[in-house]
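Asker: Please find query-v4.cif (mmCIF, C-alpha atoms) on the next line:
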```cif
data_work
loop_
_atom_site.label_atom_id
_atom_site.label_comp_id
_atom_site.auth_asym_id
_atom_site.auth_seq_id
_atom_site.Cartn_x
_atom_site.Cartn_y
_atom_site.Cartn_z
CA MET U 1 84.21 89.68 106.11
CA GLU U 2 81.80 91.40 103.70
CA THR U 3 80.70 89.24 100.78
CA THR U 4 81.40 90.59 97.28
CA MET U 5 80.91 89.22 93.79
CA TYR U 6 84.47 90.17 92.77
CA LYS U 7 87.69 88.22 93.29
CA THR U 8 90.71 89.99 91.81
CA ALA U 9 91.43 93.69 91.29
CA LEU U 10 94.08 95.12 88.99
CA ILE U 11 94.99 98.75 89.69
CA VAL U 12 97.01 100.51 86.98
CA GLY U 13 98.97 103.67 87.74
CA VAL U 14 99.64 102.93 91.39
CA GLY U 15 101.10 105.53 93.72
CA MET U 16 100.89 106.08 97.47
CA GLY U 17 97.62 108.02 97.43
CA LEU U 18 94.26 106.87 96.10
CA SER U 19 95.64 103.70 94.49
CA ALA U 20 97.17 102.60 97.79
CA ALA U 21 93.89 103.32 99.59
CA LEU U 22 92.04 101.21 97.03
CA ALA U 23 94.52 98.35 97.36
CA ARG U 24 94.12 98.34 101.14
CA LEU U 25 90.33 98.50 100.97
CA PHE U 26 89.99 95.82 98.28
CA THR U 27 92.19 93.37 100.15
CA ARG U 28 90.37 94.05 103.44
CA LYS U 29 87.14 93.20 101.64
CA GLY U 30 88.52 89.87 100.47
CA LEU U 31 89.79 90.65 96.97
CA ARG U 32 93.28 89.87 95.75
CA ALA U 33 95.12 92.90 94.37
CA ALA U 34 97.58 93.29 91.51
CA LEU U 35 99.39 96.64 91.26
CA ALA U 36 100.86 98.06 88.06
CA ALA U 37 103.04 101.13 87.66
CA ARG U 38 105.74 102.39 85.36
CA GLN U 39 108.18 102.11 88.28
CA THR U 40 107.52 99.60 91.05
CA ASP U 41 110.44 100.44 93.38
CA LYS U 42 108.24 102.21 95.93
CA LEU U 43 105.51 99.56 96.04
CA GLY U 44 107.33 97.02 98.22
CA GLY U 45 105.78 98.19 101.47
CA LEU U 46 102.28 98.31 100.02
CA CYS U 47 102.68 94.82 98.54
CA LYS U 48 103.84 93.46 101.90
CA GLU U 49 100.91 95.14 103.67
CA THR U 50 98.24 93.94 101.24
CA GLY U 51 99.69 90.73 99.86
CA ALA U 52 99.57 92.24 96.37
CA ARG U 53 102.01 91.63 93.53
CA ALA U 54 103.59 94.54 91.66
CA TYR U 55 104.08 94.65 87.89
CA ALA U 56 106.08 97.13 85.84
CA CYS U 57 104.00 98.43 82.94
CA ASP U 58 103.98 101.41 80.61
CA ALA U 59 100.24 101.84 80.11
CA THR U 60 100.79 103.66 76.80
CA ASN U 61 102.55 100.64 75.28
CA PRO U 62 100.14 98.04 73.84
CA ASP U 63 102.63 95.20 74.24
CA ASP U 64 103.31 96.13 77.87
CA VAL U 65 99.59 96.16 78.66
CA THR U 66 99.04 92.79 76.99
CA ARG U 67 101.95 91.32 78.95
CA LEU U 68 100.52 92.79 82.17
CA PHE U 69 97.17 91.03 81.78
CA THR U 70 98.85 87.79 80.73
CA ALA U 71 101.08 87.90 83.83
CA VAL U 72 98.17 88.64 86.17
CA GLU U 73 96.16 85.77 84.67
CA ARG U 74 99.12 83.45 85.17
CA ASP U 75 99.91 84.53 88.73
CA TYR U 76 96.33 84.77 90.00
CA GLY U 77 94.83 81.83 88.18
CA GLY U 78 92.49 83.95 86.08
CA ALA U 79 91.81 87.41 84.70
CA PRO U 80 91.03 90.31 87.05
CA ASP U 81 87.32 91.04 87.33
CA VAL U 82 87.89 94.56 88.66
CA VAL U 83 90.21 96.89 86.75
CA VAL U 84 90.94 100.44 87.93
CA TYR U 85 92.75 102.95 85.71
CA ASN U 86 94.44 105.64 87.82
CA ALA U 87 97.29 106.73 85.56
CA SER U 88 97.50 110.33 84.34
CA ALA U 89 100.08 112.91 83.31
CA ARG U 90 100.21 116.71 83.43
CA VAL U 91 102.02 119.27 81.34
CA ARG U 92 101.50 122.82 82.54
CA GLY U 93 102.26 125.99 80.63
CA ALA U 94 100.93 128.65 78.31
CA LEU U 95 99.33 127.16 75.20
CA ALA U 96 101.77 128.96 72.88
CA ASP U 97 104.77 127.54 74.74
CA LEU U 98 103.81 123.88 75.06
CA MET U 99 106.01 121.31 73.37
CA PRO U 100 103.88 119.07 71.10
CA ALA U 101 105.78 115.93 72.12
CA ASP U 102 105.11 116.63 75.81
CA VAL U 103 101.41 117.19 75.12
CA ALA U 104 101.16 113.97 73.09
CA LYS U 105 102.79 112.01 75.92
CA ALA U 106 100.47 113.49 78.55
CA ILE U 107 97.37 112.68 76.50
CA ALA U 108 98.68 109.17 75.87
CA VAL U 109 99.04 108.47 79.60
CA SER U 110 95.74 110.05 80.65
CA ALA U 111 93.57 108.68 77.84
CA PHE U 112 95.19 106.25 75.39
CA GLY U 113 96.54 104.13 78.22
CA GLY U 114 93.02 103.98 79.63
CA PHE U 115 91.79 102.64 76.30
CA LEU U 116 94.52 99.99 76.12
CA VAL U 117 93.88 98.76 79.66
CA ALA U 118 90.10 98.83 79.22
CA GLN U 119 90.32 96.92 75.93
CA GLN U 120 92.32 94.11 77.50
CA ALA U 121 89.95 94.01 80.47
CA ALA U 122 86.83 93.98 78.30
CA ARG U 123 88.13 91.16 76.10
CA ARG U 124 88.39 89.01 79.20
CA MET U 125 85.18 90.14 80.90
CA ILE U 126 82.76 89.96 77.96
CA PRO U 127 82.78 86.13 77.63
CA ASN U 128 81.92 85.85 81.35
CA GLY U 129 79.27 88.59 81.34
CA HIS U 130 80.85 89.90 84.52
CA GLY U 131 83.33 92.53 85.66
CA ALA U 132 83.90 96.17 86.48
CA ILE U 133 86.15 98.77 84.86
CA LEU U 134 86.66 101.97 86.86
CA PHE U 135 88.34 105.17 85.66
CA THR U 136 89.76 107.96 87.82
CA GLY U 137 89.03 111.42 86.47
CA ALA U 138 89.70 114.87 87.86
CA SER U 139 88.35 118.41 87.91
CA ALA U 140 89.86 118.64 84.42
CA SER U 141 87.40 115.98 83.23
CA MET U 142 84.73 118.69 83.38
CA LYS U 143 86.61 122.00 83.37
CA GLY U 144 89.54 123.07 81.23
CA TYR U 145 91.72 125.37 83.33
CA PRO U 146 94.22 127.96 82.04
CA GLN U 147 97.67 126.55 81.27
CA SER U 148 96.35 123.02 81.62
CA ALA U 149 95.28 122.21 78.06
CA ALA U 150 97.04 118.83 77.85
CA PHE U 151 95.56 117.57 81.11
CA ALA U 152 92.08 118.75 80.11
CA MET U 153 92.34 117.04 76.71
CA GLY U 154 93.44 113.78 78.32
CA LYS U 155 90.81 113.78 81.04
CA PHE U 156 88.00 114.86 78.69
CA ALA U 157 88.97 111.98 76.41
CA LEU U 158 89.04 109.50 79.30
CA ARG U 159 85.55 110.60 80.35
CA GLY U 160 84.29 110.15 76.79
CA LEU U 161 85.82 106.68 76.69
CA ALA U 162 84.10 105.73 79.95
CA GLN U 163 80.71 107.03 78.80
CA SER U 164 80.92 105.18 75.50
CA MET U 165 82.05 101.99 77.22
CA ALA U 166 79.26 102.18 79.78
CA ARG U 167 76.65 102.30 77.03
CA GLU U 168 78.29 99.46 75.11
CA LEU U 169 79.33 97.13 77.91
CA SER U 170 76.68 97.56 80.61
CA PRO U 171 74.16 95.43 78.65
CA GLN U 172 76.85 92.74 78.55
CA GLY U 173 77.11 92.62 82.34
CA ILE U 174 80.17 94.84 82.79
CA HIS U 175 79.90 97.81 85.12
CA VAL U 176 81.84 100.81 83.80
CA ALA U 177 82.18 103.87 86.05
CA HIS U 178 84.07 107.16 85.91
CA PHE U 179 84.94 109.12 89.06
CA VAL U 180 85.44 112.88 88.89
CA ILE U 181 87.85 113.67 91.74
CA ASP U 182 87.04 117.37 91.96
CA GLY U 183 89.51 118.59 94.57
CA GLY U 184 92.91 118.08 96.09
CA ILE U 185 93.68 114.70 97.66
CA ARG U 186 95.18 114.72 101.13
CA SER U 187 98.58 113.07 101.56
CA ALA U 188 101.41 112.96 104.09
CA GLY U 189 103.04 115.93 102.39
CA ARG U 190 99.87 117.79 101.50
CA THR U 191 97.37 118.58 104.26
CA GLU U 192 94.66 121.17 104.75
CA PRO U 193 95.17 124.21 107.03
CA PRO U 194 93.93 123.89 110.65
CA ASP U 195 91.11 126.39 110.07
CA ARG U 196 89.74 124.34 107.14
CA PRO U 197 89.42 120.75 108.38
CA ASP U 198 88.43 118.17 105.75
CA SER U 199 88.76 120.73 102.97
CA MET U 200 90.82 118.19 101.05
CA LEU U 201 89.68 114.77 99.89
CA ASP U 202 90.69 111.86 102.11
CA PRO U 203 91.95 108.98 99.90
CA ASP U 204 90.32 106.38 102.14
CA ALA U 205 86.98 108.18 101.83
CA ILE U 206 87.33 108.29 98.05
CA ALA U 207 88.11 104.57 98.02
CA ALA U 208 84.94 103.91 100.04
CA ASN U 209 82.94 105.58 97.27
CA TYR U 210 84.58 103.35 94.66
CA TRP U 211 83.61 100.33 96.74
CA SER U 212 80.03 101.56 97.05
CA VAL U 213 79.70 101.97 93.27
CA LEU U 214 81.41 98.64 92.68
CA ASN U 215 78.76 96.84 94.71
CA GLN U 216 75.66 98.54 93.29
CA PRO U 217 72.85 96.28 92.05
CA ARG U 218 72.76 96.27 88.26
CA SER U 219 69.21 97.66 88.24
CA ALA U 220 70.68 100.97 89.47
CA TRP U 221 74.24 101.23 88.18
CA THR U 222 76.07 104.55 88.33
CA TRP U 223 78.26 105.36 85.32
CA GLU U 224 79.72 108.53 86.87
CA MET U 225 80.26 109.93 90.36
CA GLU U 226 81.56 113.40 91.18
CA ILE U 227 83.41 113.56 94.51
CA ARG U 228 84.14 116.88 96.18
CA PRO U 229 85.11 118.10 99.67
CA TRP U 230 82.32 119.64 101.69
CA LEU U 231 83.97 123.11 101.80
CA GLU U 232 84.41 123.30 98.03
CA LYS U 233 82.44 126.07 96.34
CA PHE U 234 79.81 124.52 94.11
#
```
The structure in this file should be written as structure tokens.
Answerer:
Amino acid sequence: METTMYKTALIVGVGMGLSAALARLFTRKGLRAALAARQTDKLGGLCKETGARAYACDATNPDDVTRLFTAVERDYGGAPDVVVYNASARVRGALADLMPADVAKAIAVSAFGGFLVAQQAARRMIPNGHGAILFTGASASMKGYPQSAAFAMGKFALRGLAQSMARELSPQGIHVAHFVIDGGIRSAGRTEPPDRPDSMLDPDAIAANYWSVLNQPRSAWTWEMEIRPWLEKF
């Protein structure tokens, strides 16, 4: 088994795509995994496969996030030293028609929740001078598309959070990285056409890039990686 400096990974915003691929990869590499989601009903199979525990958590609620970290510390005998924030929310529609409450909620999930999770992680990592906090971005982290204002605002804010954190926390021994997932992610219900093989992002391949960044020597840390399929127009 490959040797790594990390022991426990907490993934927040877990679904059956990238988060599941990360959970499988982390546990294969020898880490223990904790999985957090607003609803945990569908995580039973993944927990059985990986040996992970599932925790219900609303990432936009400060008390929920605090309880999550306290529970992980209790159940795993210490704080997670890898924290991945995968949660996000979309509200599509013409700018003039968007409901302010829906936009506020989407921004809260995509960005404010990332702050709350990162703050709890950093408070535990700083005294040890060790840890990694990874954020999942999207095309919207770099490009604001029509009828996608709320998603762009949330993902732009998350990227700004990651950049600020990297400058503040890297000198304290904490690796902060932001991943721009610039393309559609392949899933059981969403595959590329036969004449365009590998035109979508494979979640296992994305996870391998997270692992590569996670294990970089600190003399050459990456704070941001943009991941795109090979057929995407640059």
Asker: Please enumerate the residues selected by the PyMOL selection byres ((chain U and resi 66) around 10) when evaluated against the supplied file, formatted as a list in words.
Answerer: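 Listing what the PyMOL selection byres ((chain U and resi 66) around 10) selects in the shown file: Cys57, Ala59, Asn61, Pro62, Asp63, Asp64, Val65, Arg67, Leu68, Phe69, Thr70, Ala71, Leu116, Val117, Gln119, Gln120 and Ala121 of chain U.
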Asker: Decode the PyMOL selection byres ((chain U and resi 8) around 6) for the given file into explicit residues and return them as a list of chain:residue names.
Answerer: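 Residues picked by the PyMOL selection byres ((chain U and resi 8) around 6): U:Lys7, U:Ala9, U:Leu31, U:Arg32, U:Ala33, U:Pro80, U:Asp81.
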Asker: What would the file look like if the residues just selected were written as a JSON list (two decimals), in the coordinates of the input with C-alpha atoms?
Answerer:
```
[["chain", "number", "residue", "atom", "x", "y", "z"],
["U", 7, "LYS", "CA", 87.69, 88.22, 93.29],
["U", 9, "ALA", "CA", 91.43, 93.69, 91.29],
["U", 31, "LEU", "CA", 89.79, 90.65, 96.97],
["U", 32, "ARG", "CA", 93.28, 89.87, 95.75],
["U", 33, "ALA", "CA", 95.12, 92.90, 94.37],
["U", 80, "PRO", "CA", 91.03, 90.31, 87.05],
["U", 81, "ASP", "CA", 87.32, 91.04, 87.33]]
```
Asker: Residue by residue, what does the PyMOL selection byres ((chain U and resi 187) around 9) grab here? Present the result as a PyMOL selection string.
Answerer: chain U and resi 16-17+185-186+188-191+202-203
Asker: In file coordinates, which residues lie within 10 Å of (101.2, 94.1, 98.2) using only C-alpha atoms, given as a ChimeraX atom specification?
Answerer: /U:20,23-24,27,32-35,43-54
Asker: For Met153 (chain U), which of U:Lys105, U:Lys42, U:Arg28, U:Arg228 is the closest residue, counting only C-alpha atoms?
Answerer: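 Ranking U:Lys105, U:Lys42, U:Arg28, U:Arg228 by distance to Met153 (chain U), first place goes to U:Lys105.
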Asker: For a test of reading the model, state the distance in Å between CA of Glu226 (chain U) and CA of Gly114 (chain U), rounded to one decimal.
Answerer: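 Rounded to one decimal, the two atoms are 18.8 Å apart.
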Asker: To one decimal place in Å, what is the distance between CA of Asp198 (chain U) and CA of Lys29 (chain U)?
Answerer: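 Between CA of Asp198 (chain U) and CA of Lys29 (chain U) the gap works out to 25.3 Å.
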Asker: Give me, please, the distance in Å between CA of Leu10 (chain U) and CA of Glu224 (chain U), quoted to one decimal.
Answerer: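 That distance, rounded to one decimal, is 19.8 Å.
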Asker: Ranking U:Ala177, U:Met200, U:Ala207, U:Ile126 by minimum distance to Trp230 (chain U) and counting only C-alpha atoms, which one comes first?
Answerer: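 Smallest separation from Trp230 (chain U) among the options: U:Met200.
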Asker: From the options U:Ile227, U:Ala79, U:Gly184, U:Gln147, which residue's atoms come nearest to Ala205 (chain U), counting all atoms listed in the file?
Answerer: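 Distance minimum relative to Ala205 (chain U) lands on U:Ile227.
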Asker: Give as a list in words each residue that has an atom at most 9 Å from (95.0, 106.6, 75.6) in the file, counting all atoms listed in the file.
Answerer: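 With a cut-off of 9 Å, the residues come to Ala59, Thr60, Ile107, Ala108, Val109, Ser110, Ala111, Phe112, Gly113, Gly114, Phe115, Leu116, Val117, Gly154, Ala157 and Leu158 of chain U.
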